[in-house]
Every structure is written in structure tokens, then in C-alpha cells.
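What follows is a short report on a single structure.
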Amino acid sequence: MNEISSVHGKVQSGFVINLKSPFLLKYFFYPIRAGLFGFSLFFTTIFISKYLGYIVKNSPEFIIDISDVLLSLLGFILLWLIKFLESFKSTEPQK
């Protein structure tokens with residue numbers, strides 16, 4: 001009986017993460033959300049331009065390949081970096 005309570009005590013003392021902490025929101029959640037927006041913005045632009053090129057017969061086939069996704073990752077990185085660096089700005093009023 002003593003072994004069960006000691007194991008149960010070890011499980012109870014686990015590491016707890018508060019997902020609504022200002023630190024996690026400011027430095028992780030908001031930059032990732034902005035990065036996903038940047039990815040979707042770049043990918044949508046590439047998708048529409050390739051589709052319009054196919055419609056006006058500029059290209060013979062409509063293909064989205066891995067290079068388009070990799071190019072869209074540039075949008076993720078750019079907007080993530082902008083939002084991440086904005087979180088380090090001082091919140092003091094400017095004179």
C-alpha cells in the first residue's frame with residue numbers, strides 16, 4: 001500500500017504550464033499566430049496566381065509542388081520574426 005501512495009505522490013508533483021500566462025502569449029502564441037497568417041497569405045497568393053495562369057492558358061497544367069510550400073514558409077518566418085521582435089519593444093511611453 002505504501003508503494004502505491006509514493007507513486008501517486010510523484011505523479012501529483014508534475015510540471016504545470018499555465019497556457020494563459022502573459023509570457024507564453026507574448027513570446028510564443030502571438031508570433032506563431034502571426035507566422036501562420038503570413039504562411040497562409042503567401043500560399044494563397046501563390047495558389048491564386050498559379051490558378052489564374054492556368055485559366056488564361058499561360059501554363060499547361062495546374063500544379064502546386066513542394067517549392068511553393070517552401071516559398072510560403074518565407075511568409076511564416078517573416079511575420080513570425082516581426083511579431084517576435086515587436087514583443088521586445090519597450091512599453092514605456094515615448095517622449
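Labels for the C-alpha cells follow display order: chains A, B, ..., residues from 1 in each chain, ligands from 1.
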Considering only C-alpha atoms, return as a PyMOL selection string whatever protein or nucleic-acid residues lie within 9 Å of Ile32 of chain A, sequence-local ones (same chain, fewer than 2 positions apart) excluded.
chain A and resi 27-30+34-37+76+79-80+83-84
Quick one: pick out all alpha helix (DSSP H) residues within segment 7-82 of chain A from a backbone DSSP run and write them as an NGL selection string.
:A and (7-12 or 22-24 or 30-55 or 66-82)
Take the residues just selected and output them with N, CA and C atoms as a compact mmCIF listing (two decimals), in the first residue's frame.
```txt
# COMPACT_ATOMS: atom_id res chain seq x y z
N VAL A 7 4.04 6.39 -5.47
CA VAL A 7 3.96 6.60 -6.92
C VAL A 7 2.92 7.66 -7.22
N HIS A 8 1.81 7.60 -6.53
CA HIS A 8 0.75 8.59 -6.72
C HIS A 8 1.24 9.99 -6.33
N GLY A 9 2.06 10.07 -5.30
CA GLY A 9 2.63 11.35 -4.88
C GLY A 9 3.58 11.91 -5.92
N LYS A 10 4.33 11.07 -6.59
CA LYS A 10 5.24 11.53 -7.63
C LYS A 10 4.49 12.03 -8.85
N VAL A 11 3.39 11.40 -9.17
CA VAL A 11 2.58 11.84 -10.31
C VAL A 11 1.93 13.18 -10.00
N GLN A 12 1.53 13.39 -8.79
CA GLN A 12 0.87 14.64 -8.39
C GLN A 12 1.81 15.83 -8.48
N PRO A 22 1.11 35.60 -19.49
CA PRO A 22 1.50 36.66 -20.43
C PRO A 22 2.79 36.36 -21.17
N PHE A 23 3.72 35.67 -20.53
CA PHE A 23 4.98 35.34 -21.17
C PHE A 23 4.77 34.42 -22.37
N LEU A 24 3.99 33.34 -22.18
CA LEU A 24 3.74 32.41 -23.28
C LEU A 24 2.95 33.07 -24.39
N TYR A 30 1.45 34.57 -29.87
CA TYR A 30 1.20 35.65 -30.83
C TYR A 30 2.17 35.61 -32.02
N PRO A 31 3.46 35.34 -31.84
CA PRO A 31 4.33 35.22 -33.02
C PRO A 31 3.98 34.02 -33.92
N ILE A 32 3.61 32.89 -33.32
CA ILE A 32 3.24 31.73 -34.13
C ILE A 32 1.94 32.00 -34.88
N ARG A 33 1.01 32.66 -34.24
CA ARG A 33 -0.25 33.02 -34.91
C ARG A 33 0.01 33.95 -36.09
N ALA A 34 0.89 34.93 -35.90
CA ALA A 34 1.24 35.84 -37.00
C ALA A 34 1.97 35.09 -38.10
N GLY A 35 2.83 34.14 -37.75
CA GLY A 35 3.53 33.35 -38.75
C GLY A 35 2.59 32.49 -39.57
N LEU A 36 1.60 31.90 -38.93
CA LEU A 36 0.61 31.12 -39.67
C LEU A 36 -0.20 32.00 -40.61
N PHE A 37 -0.49 33.21 -40.18
CA PHE A 37 -1.18 34.15 -41.06
C PHE A 37 -0.30 34.49 -42.26
N GLY A 38 0.99 34.71 -42.04
CA GLY A 38 1.91 35.00 -43.13
C GLY A 38 2.03 33.84 -44.10
N PHE A 39 2.08 32.62 -43.56
CA PHE A 39 2.14 31.43 -44.42
C PHE A 39 0.90 31.33 -45.29
N SER A 40 -0.26 31.50 -44.67
CA SER A 40 -1.50 31.38 -45.43
C SER A 40 -1.63 32.50 -46.46
N LEU A 41 -1.15 33.70 -46.13
CA LEU A 41 -1.20 34.81 -47.07
C LEU A 41 -0.31 34.53 -48.29
N PHE A 42 0.91 34.08 -48.05
CA PHE A 42 1.83 33.76 -49.16
C PHE A 42 1.30 32.59 -49.98
N PHE A 43 0.82 31.55 -49.31
CA PHE A 43 0.34 30.37 -50.02
C PHE A 43 -0.90 30.70 -50.85
N THR A 44 -1.81 31.50 -50.31
CA THR A 44 -3.00 31.90 -51.06
C THR A 44 -2.62 32.72 -52.28
N THR A 45 -1.65 33.61 -52.14
CA THR A 45 -1.20 34.41 -53.27
C THR A 45 -0.59 33.53 -54.37
N ILE A 46 0.23 32.58 -53.98
CA ILE A 46 0.83 31.66 -54.95
C ILE A 46 -0.24 30.81 -55.62
N PHE A 47 -1.17 30.30 -54.83
CA PHE A 47 -2.24 29.46 -55.35
C PHE A 47 -3.09 30.22 -56.37
N ILE A 48 -3.49 31.43 -56.03
CA ILE A 48 -4.33 32.22 -56.94
C ILE A 48 -3.57 32.58 -58.22
N SER A 49 -2.31 32.96 -58.08
CA SER A 49 -1.55 33.33 -59.28
C SER A 49 -1.32 32.12 -60.20
N LYS A 50 -1.07 30.94 -59.64
CA LYS A 50 -0.91 29.75 -60.46
C LYS A 50 -2.23 29.35 -61.11
N TYR A 51 -3.31 29.50 -60.36
CA TYR A 51 -4.62 29.15 -60.90
C TYR A 51 -5.02 30.11 -62.02
N LEU A 52 -4.78 31.39 -61.83
CA LEU A 52 -5.09 32.35 -62.89
C LEU A 52 -4.21 32.12 -64.11
N GLY A 53 -2.96 31.74 -63.92
CA GLY A 53 -2.09 31.40 -65.03
C GLY A 53 -2.60 30.20 -65.80
N TYR A 54 -3.19 29.25 -65.09
CA TYR A 54 -3.77 28.08 -65.74
C TYR A 54 -5.05 28.46 -66.50
N ILE A 55 -5.86 29.32 -65.91
CA ILE A 55 -7.12 29.73 -66.53
C ILE A 55 -6.87 30.48 -67.85
N ILE A 66 6.17 21.21 -53.86
CA ILE A 66 6.81 21.47 -52.57
C ILE A 66 7.54 22.80 -52.56
N SER A 67 8.01 23.25 -53.69
CA SER A 67 8.72 24.54 -53.72
C SER A 67 7.77 25.70 -53.41
N ASP A 68 6.50 25.54 -53.76
CA ASP A 68 5.51 26.57 -53.41
C ASP A 68 5.28 26.62 -51.91
N VAL A 69 5.26 25.46 -51.28
CA VAL A 69 5.10 25.41 -49.82
C VAL A 69 6.34 25.98 -49.13
N LEU A 70 7.50 25.67 -49.65
CA LEU A 70 8.73 26.21 -49.07
C LEU A 70 8.81 27.73 -49.23
N LEU A 71 8.34 28.23 -50.35
CA LEU A 71 8.29 29.67 -50.54
C LEU A 71 7.30 30.32 -49.57
N SER A 72 6.21 29.62 -49.29
CA SER A 72 5.24 30.14 -48.33
C SER A 72 5.80 30.14 -46.92
N LEU A 73 6.74 29.26 -46.63
CA LEU A 73 7.39 29.27 -45.32
C LEU A 73 8.16 30.57 -45.09
N LEU A 74 8.55 31.20 -46.17
CA LEU A 74 9.19 32.51 -46.05
C LEU A 74 8.22 33.52 -45.41
N GLY A 75 6.96 33.44 -45.79
CA GLY A 75 5.94 34.30 -45.17
C GLY A 75 5.79 34.01 -43.69
N PHE A 76 5.84 32.72 -43.33
CA PHE A 76 5.77 32.36 -41.91
C PHE A 76 6.93 32.96 -41.15
N ILE A 77 8.13 32.79 -41.69
CA ILE A 77 9.34 33.26 -40.99
C ILE A 77 9.33 34.79 -40.86
N LEU A 78 8.95 35.47 -41.93
CA LEU A 78 8.96 36.94 -41.88
C LEU A 78 7.99 37.49 -40.85
N LEU A 79 6.74 37.03 -40.90
CA LEU A 79 5.77 37.57 -39.95
C LEU A 79 6.02 37.09 -38.53
N TRP A 80 6.53 35.87 -38.36
CA TRP A 80 6.88 35.41 -37.02
C TRP A 80 7.99 36.27 -36.44
N LEU A 81 8.99 36.56 -37.26
CA LEU A 81 10.12 37.35 -36.79
C LEU A 81 9.70 38.78 -36.44
N ILE A 82 8.85 39.37 -37.26
CA ILE A 82 8.37 40.72 -36.98
C ILE A 82 7.62 40.75 -35.65
```
